>>> print(open('work_8.cif').read())   # mmCIF, C-alpha atoms
data_structure
loop_
_atom_site.label_atom_id
_atom_site.label_comp_id
_atom_site.auth_asym_id
_atom_site.auth_seq_id
_atom_site.Cartn_x
_atom_site.Cartn_y
_atom_site.Cartn_z
CA MET A 1 224.65 -14.13 356.07
CA PRO A 2 221.33 -12.53 356.85
CA LYS A 3 220.90 -8.93 355.52
CA ASN A 4 220.65 -6.23 358.08
CA SER A 5 217.81 -3.97 357.47
CA ASN A 6 220.05 -1.12 358.40
CA THR A 7 222.71 -1.91 355.87
CA PRO A 8 223.30 0.52 353.04
CA GLY A 9 222.22 -2.06 350.45
CA HIS A 10 218.95 -2.63 352.20
CA SER A 11 218.33 1.07 352.35
CA ARG A 12 218.90 1.48 348.63
CA LEU A 13 216.54 -1.39 347.81
CA THR A 14 213.89 0.07 350.01
CA LYS A 15 214.22 3.39 348.24
CA LEU A 16 214.18 1.61 344.93
CA ASN A 17 210.98 -0.22 345.79
CA LYS A 18 209.40 3.05 346.85
CA LEU A 19 210.65 4.82 343.74
CA THR A 20 209.44 2.03 341.52
CA LYS A 21 205.98 2.15 343.04
CA GLN A 22 205.86 5.94 342.64
CA HIS A 23 206.82 5.72 338.96
CA LYS A 24 204.76 2.65 337.95
CA ILE A 25 202.00 4.83 336.56
CA ALA A 26 204.49 7.08 334.75
CA LEU A 27 206.29 4.09 333.25
CA ALA A 28 203.16 2.12 332.33
CA GLY A 29 203.14 0.86 328.81
CA VAL A 30 206.90 1.21 328.42
CA ALA A 31 208.29 -1.96 326.85
CA THR A 32 211.65 -1.68 328.58
CA LEU A 33 210.29 -1.47 332.16
CA GLY A 34 211.65 -4.92 333.16
CA ALA A 35 215.08 -4.16 331.77
CA ALA A 36 215.16 -0.86 333.63
CA ALA A 37 214.21 -2.60 336.92
CA LEU A 38 216.94 -5.16 336.33
CA ALA A 39 219.46 -2.44 335.73
CA PHE A 40 218.46 -0.76 338.98
CA SER A 41 218.95 -4.01 340.99
CA ALA A 42 222.33 -4.62 339.36
CA VAL A 43 223.79 -1.29 340.40
CA PRO A 44 226.70 -1.92 342.83
CA SER A 45 226.51 -0.62 346.37
CA ASP A 46 229.39 1.75 345.91
CA ALA A 47 228.12 3.29 342.62
CA GLY A 48 227.61 7.00 342.67
CA THR A 49 224.44 6.88 340.60
CA THR A 50 221.23 7.05 342.63
CA THR A 51 217.96 5.47 341.84
CA SER A 52 216.57 8.92 341.24
CA ASP A 53 219.10 9.42 338.42
CA ALA A 54 218.25 6.00 336.98
CA ALA A 55 214.58 6.74 337.17
CA THR A 56 215.10 10.02 335.43
CA SER A 57 217.11 8.42 332.60
CA THR A 58 214.38 5.86 331.98
CA LYS A 59 212.02 8.55 330.67
CA ILE A 60 213.66 8.15 327.26
CA ALA A 61 212.00 4.77 326.99
CA TYR A 62 208.53 6.30 326.24
CA SER A 63 206.93 4.88 323.11
CA THR A 64 207.16 7.06 319.99
CA GLU A 65 204.07 5.61 318.33
CA PRO A 66 201.68 8.43 319.35
CA ILE A 67 204.17 10.99 318.10
CA LYS A 68 204.38 9.18 314.77
CA GLY A 69 200.62 9.30 314.52
CA VAL A 70 200.50 12.98 315.39
CA LYS A 71 203.23 13.72 312.89
CA ALA A 72 201.39 11.83 310.17
CA SER A 73 198.19 13.71 310.93
CA VAL A 74 199.94 17.07 310.77
CA THR A 75 201.65 16.08 307.53
CA ASP A 76 198.33 15.10 306.05
CA GLN A 77 196.83 18.40 307.14
CA LEU A 78 199.72 20.34 305.68
CA ALA A 79 199.45 18.36 302.44
CA GLY A 80 195.73 19.11 302.27
CA ALA A 81 196.37 22.76 303.00
CA GLY A 82 199.04 22.79 300.29
CA VAL A 83 196.63 21.32 297.74
CA LYS A 84 194.01 23.87 298.73
CA THR A 85 196.53 26.69 298.46
CA GLU A 86 197.60 25.48 295.04
CA ALA A 87 193.97 25.32 293.93
CA ILE A 88 193.36 28.87 295.17
CA GLN A 89 196.51 30.08 293.45
CA ALA A 90 195.56 28.29 290.24
CA LYS A 91 192.13 29.91 290.35
CA ALA A 92 193.67 33.33 291.00
CA ASP A 93 196.12 32.80 288.11
CA ALA A 94 193.29 31.78 285.78
CA LYS A 95 191.28 34.85 286.80
CA ALA A 96 194.27 37.12 286.28
CA LYS A 97 194.93 35.53 282.87
CA ALA A 98 191.29 36.02 281.83
CA ALA A 99 191.39 39.65 282.99
CA LYS A 100 194.59 40.24 281.03
CA ALA A 101 193.12 38.63 277.92
CA LYS A 102 190.04 40.83 278.25
CA ALA A 103 192.17 43.93 278.73
CA ASP A 104 194.31 42.99 275.71
CA ALA A 105 191.20 42.47 273.57
CA ALA A 106 189.81 45.83 274.67
CA ALA A 107 193.13 47.51 273.91
CA LYS A 108 193.26 45.93 270.44
CA LYS A 109 189.67 46.99 269.74
CA LYS A 110 190.42 50.53 270.87
CA ALA A 111 193.57 50.64 268.75
CA ALA A 112 191.63 49.38 265.71
CA ALA A 113 188.90 52.01 266.25
CA GLU A 114 191.49 54.76 266.60
CA ALA A 115 193.26 53.56 263.44
CA ALA A 116 189.96 53.52 261.51
CA ALA A 117 189.07 57.00 262.76
CA LYS A 118 192.52 58.27 261.81
CA LYS A 119 192.21 56.72 258.35
CA LYS A 120 188.77 58.25 257.86
CA ALA A 121 189.99 61.65 259.01
CA GLU A 122 192.97 61.41 256.66
CA ALA A 123 190.68 60.49 253.74
CA ALA A 124 188.41 63.44 254.55
CA ARG A 125 191.41 65.75 254.76
CA LYS A 126 192.69 64.56 251.37
CA ALA A 127 189.23 64.95 249.81
CA LYS A 128 188.94 68.47 251.20
CA LYS A 129 192.38 69.33 249.92
CA ALA A 130 191.57 67.92 246.48
CA ALA A 131 188.32 69.91 246.39
CA SER A 132 190.23 73.02 247.38
CA ARG A 133 192.74 72.44 244.58
CA SER A 134 189.89 71.96 242.12
CA THR A 135 188.30 75.23 243.21
CA GLU A 136 191.62 76.98 242.89
CA ARG A 137 192.04 75.63 239.36
CA VAL A 138 188.60 76.95 238.43
CA LYS A 139 189.50 80.36 239.82
CA ILE A 140 192.89 80.41 238.19
CA GLN A 141 191.68 79.05 234.85
CA PRO A 142 188.33 80.70 234.10
CA VAL A 143 186.46 79.43 231.08
CA ALA A 144 187.09 81.73 228.20
CA ALA A 145 183.96 83.24 226.71
CA THR A 146 183.13 81.91 223.25
CA THR A 147 183.56 84.48 220.59
CA TYR A 148 181.75 84.50 217.26
CA ALA A 149 182.70 86.13 214.00
CA ASN A 150 180.78 89.25 213.07
CA ASN A 151 179.35 87.71 209.91
CA LEU A 152 176.41 85.54 208.90
CA ASN A 153 178.12 82.32 209.95
CA GLY A 154 179.03 83.78 213.33
CA TRP A 155 175.52 85.22 213.86
CA ILE A 156 173.84 81.89 213.09
CA ASN A 157 176.20 79.91 215.40
CA HIS A 158 175.75 82.42 218.21
CA ALA A 159 171.95 82.26 217.81
CA LEU A 160 172.04 78.44 217.84
CA ALA A 161 173.99 78.43 221.15
CA ILE A 162 171.36 80.68 222.76
CA MET A 163 168.50 78.64 221.28
CA LYS A 164 170.02 75.47 222.74
CA GLN A 165 170.16 77.06 226.21
CA LYS A 166 166.54 78.20 225.95
CA GLY A 167 165.23 74.96 224.44
CA ILE A 168 164.25 76.53 221.11
CA PRO A 169 164.44 73.99 218.22
CA GLY A 170 166.22 74.73 214.95
CA SER A 171 169.27 73.84 212.90
CA TYR A 172 171.97 75.75 211.10
CA ASN A 173 170.58 74.73 207.73
CA GLY A 174 167.00 75.71 208.67
CA LEU A 175 168.13 79.17 209.78
CA TYR A 176 170.46 79.71 206.83
CA LYS A 177 167.94 78.87 204.05
CA ASN A 178 165.23 81.13 205.57
CA ILE A 179 167.67 84.01 206.11
CA MET A 180 168.86 83.82 202.51
CA ARG A 181 165.27 83.77 201.18
CA GLU A 182 164.04 86.63 203.42
CA SER A 183 166.99 89.09 203.41
CA SER A 184 169.89 87.59 201.48
CA GLY A 185 171.86 87.82 204.72
CA ASN A 186 171.45 91.61 205.19
CA PRO A 187 170.65 92.49 208.86
CA SER A 188 169.46 95.99 207.81
CA ALA A 189 166.97 94.78 205.20
CA ILE A 190 163.45 96.34 205.32
CA ASN A 191 160.34 95.30 203.32
CA GLY A 192 158.45 98.46 202.41
CA TRP A 193 155.86 97.05 200.04
CA ASP A 194 154.10 94.01 201.66
CA VAL A 195 150.95 94.11 203.72
CA ASN A 196 152.89 94.61 206.91
CA ALA A 197 154.48 97.74 205.48
CA VAL A 198 151.04 98.95 204.38
CA ASN A 199 149.82 98.46 207.94
CA GLY A 200 152.78 100.47 209.26
CA THR A 201 154.81 97.58 210.65
CA PRO A 202 157.35 96.65 207.97
CA SER A 203 159.32 93.42 208.14
CA ILE A 204 162.90 94.06 209.37
CA GLY A 205 166.24 92.26 209.67
CA LEU A 206 167.70 88.91 208.65
CA LEU A 207 164.45 86.97 209.06
CA GLN A 208 162.11 89.90 208.31
CA VAL A 209 160.32 90.13 211.64
CA ILE A 210 157.78 92.89 212.40
CA GLN A 211 158.20 94.84 215.63
CA PRO A 212 155.13 93.43 217.48
CA THR A 213 156.28 89.86 216.79
CA PHE A 214 159.84 90.70 217.85
CA ASN A 215 158.58 92.20 221.10
CA ALA A 216 156.34 89.20 221.84
CA TYR A 217 158.99 86.51 221.11
CA HIS A 218 162.13 88.34 222.18
CA VAL A 219 164.63 85.97 223.84
CA SER A 220 166.02 87.19 227.16
CA GLY A 221 169.75 87.81 227.17
CA THR A 222 169.78 89.21 223.64
CA SER A 223 169.62 92.77 222.45
CA THR A 224 166.24 94.56 222.34
CA ASN A 225 167.22 96.13 219.01
CA ILE A 226 165.28 94.45 216.17
CA TYR A 227 168.20 95.11 213.78
CA ASP A 228 170.65 93.10 215.98
CA PRO A 229 171.39 89.94 213.95
CA VAL A 230 171.41 87.48 216.88
CA ALA A 231 168.36 89.04 218.55
CA ASN A 232 166.47 89.02 215.22
CA ILE A 233 167.33 85.35 214.51
CA THR A 234 166.43 84.04 217.98
CA ALA A 235 163.12 85.95 218.15
CA ALA A 236 162.10 84.70 214.66
CA ALA A 237 163.12 81.09 215.56
CA ASN A 238 161.12 81.34 218.81
CA TYR A 239 158.04 82.53 216.89
CA ALA A 240 158.45 79.78 214.24
CA ALA A 241 158.76 77.10 216.96
CA ASP A 242 155.52 78.33 218.54
CA ARG A 243 153.60 78.43 215.27
CA TYR A 244 155.24 75.72 213.09
CA GLY A 245 157.15 73.56 215.53
CA SER A 246 160.60 74.67 214.29
CA ILE A 247 162.23 77.15 211.95
CA ASP A 248 163.25 74.06 209.96
CA ASN A 249 159.59 73.59 208.98
CA VAL A 250 159.35 77.04 207.39
CA ASN A 251 159.91 77.02 203.60
CA SER A 252 158.21 80.23 202.57
CA ALA A 253 157.05 83.58 203.92
CA TYR A 254 155.74 83.19 207.40
#
>>> encode(input="work_8.cif", output="structure tokens")
Amino acid sequence: MPKNSNTPGHSRLTKLNKLTKQHKIALAGVATLGAAALAFSAVPSDAGTTTSDAATSTKIAYSTEPIKGVKASVTDQLAGAGVKTEAIQAKADAKAKAAKAKADAAAKKKAAAEAAAKKKAEAARKAKKAASRSTERVKIQPVAATTYANNLNGWINHALAIMKQKGIPGSYNGLYKNIMRESSGNPSAINGWDVNAVNGTPSIGLLQVIQPTFNAYHVSGTSTNIYDPVANITAAANYAADRYGSIDNVNSAY
């Protein structure tokens, strides 16, 4: 039976042909285009679905290949960005670690310097304290003055101590033998008969010294009295050292 162009089926096919032509460009490259067209032609005349609905549902048949490519490209970019970020972070971590190491070294150096300064200050404080204690001991325990017996032995030893301080040579034996020959150990002895007595300057004291000689060779720190035993001995020893080299070299009247 020939189809009437006015029949509902004919109308739907006409619309389908028009719809297919309008969407050819949109559906180009879709692998399922033939199957979609077949599905459209197989739709029964009494179906409620229109060709517009069918055409709309066919949009899901677009190829996903470009999307896969785009996704891969984005993934690659993100991966590259991640590597770059990690590199930047690693560099920042290394820099921070180096800064910390430098700060730690500086702190250790400062601590060592402070410890050394503290140790030095403590040593100085102890030295000062020790010196102070030493000074206090000297003040508290003054050196006792040496005392000598008021006899010939004491006079000779006292004279020898002064002679040592003044750099005057002489020994105990040299002084003793000359004293015993000249005055027999009497500090008040006077010679009234020799040439000195004749000239008005008699020999006086333990070592029989005349006044002009005593005045010229008097040792500072001793008495100015010619009869003083220690003053008499030291002045005579000073004169003998100047003339004979030492009182030890004198074996007769001098």
>>> resolve_selection(input="work_8.cif", expression="the PyMOL selection byres ((chain A and resi 200-202) around 12)", output="compact mmCIF listing (two decimals) with C-alpha atoms, keeping the file's coordinate frame")
# COMPACT_ATOMS: atom_id res chain seq x y z
CA ALA A 189 166.97 94.78 205.20
CA ILE A 190 163.45 96.34 205.32
CA ASN A 191 160.34 95.30 203.32
CA GLY A 192 158.45 98.46 202.41
CA TRP A 193 155.86 97.05 200.04
CA ASP A 194 154.10 94.01 201.66
CA VAL A 195 150.95 94.11 203.72
CA ASN A 196 152.89 94.61 206.91
CA ALA A 197 154.48 97.74 205.48
CA VAL A 198 151.04 98.95 204.38
CA ASN A 199 149.82 98.46 207.94
CA SER A 203 159.32 93.42 208.14
CA ILE A 204 162.90 94.06 209.37
CA GLY A 205 166.24 92.26 209.67
CA GLN A 208 162.11 89.90 208.31
CA VAL A 209 160.32 90.13 211.64
CA ILE A 210 157.78 92.89 212.40
CA GLN A 211 158.20 94.84 215.63
CA PRO A 212 155.13 93.43 217.48
CA THR A 213 156.28 89.86 216.79
CA PHE A 214 159.84 90.70 217.85
CA ILE A 226 165.28 94.45 216.17
>>> closest_residue(input="work_8.cif", among="A:Leu207, A:Pro229, A:Ala130, A:Thr222", to="A:Tyr254", atoms="only C-alpha atoms")
A:Leu207
>>> axis_aligned_box(input="work_8.cif", around="stretch 168-178 of chain A", padding_each_side="5 Å", output="JSON")
{"center_x": 168.1, "center_y": 77.5, "center_z": 212.6, "size_x": 17.7, "size_y": 17.3, "size_z": 27.1}
>>> atom_distance(input="work_8.cif", atom1="atom CA of A:Ser252", atom2="atom CA of A:Ile179")
10.8 Å
>>> residues_around(input="work_8.cif", residues="A:Thr146", least_positions_apart="2", cutoff="12 Å", atoms="only C-alpha atoms", output="list in words")
Val143, Ala144, Tyr148, Ala149, Gly154, Asn157, His158, Ala161 and Ile162 of chain A
>>> atom_distance(input="work_8.cif", atom1="atom CA of A:Asn151", atom2="atom CA of A:Ala241")
24.2 Å
>>> resolve_selection(input="work_8.cif", expression="the PyMOL selection byres ((chain A and resi 169) around 8)", output="VMD selection string")
chain A and resid 163 to 164 167 to 168 170 to 171 237 241 245 to 247
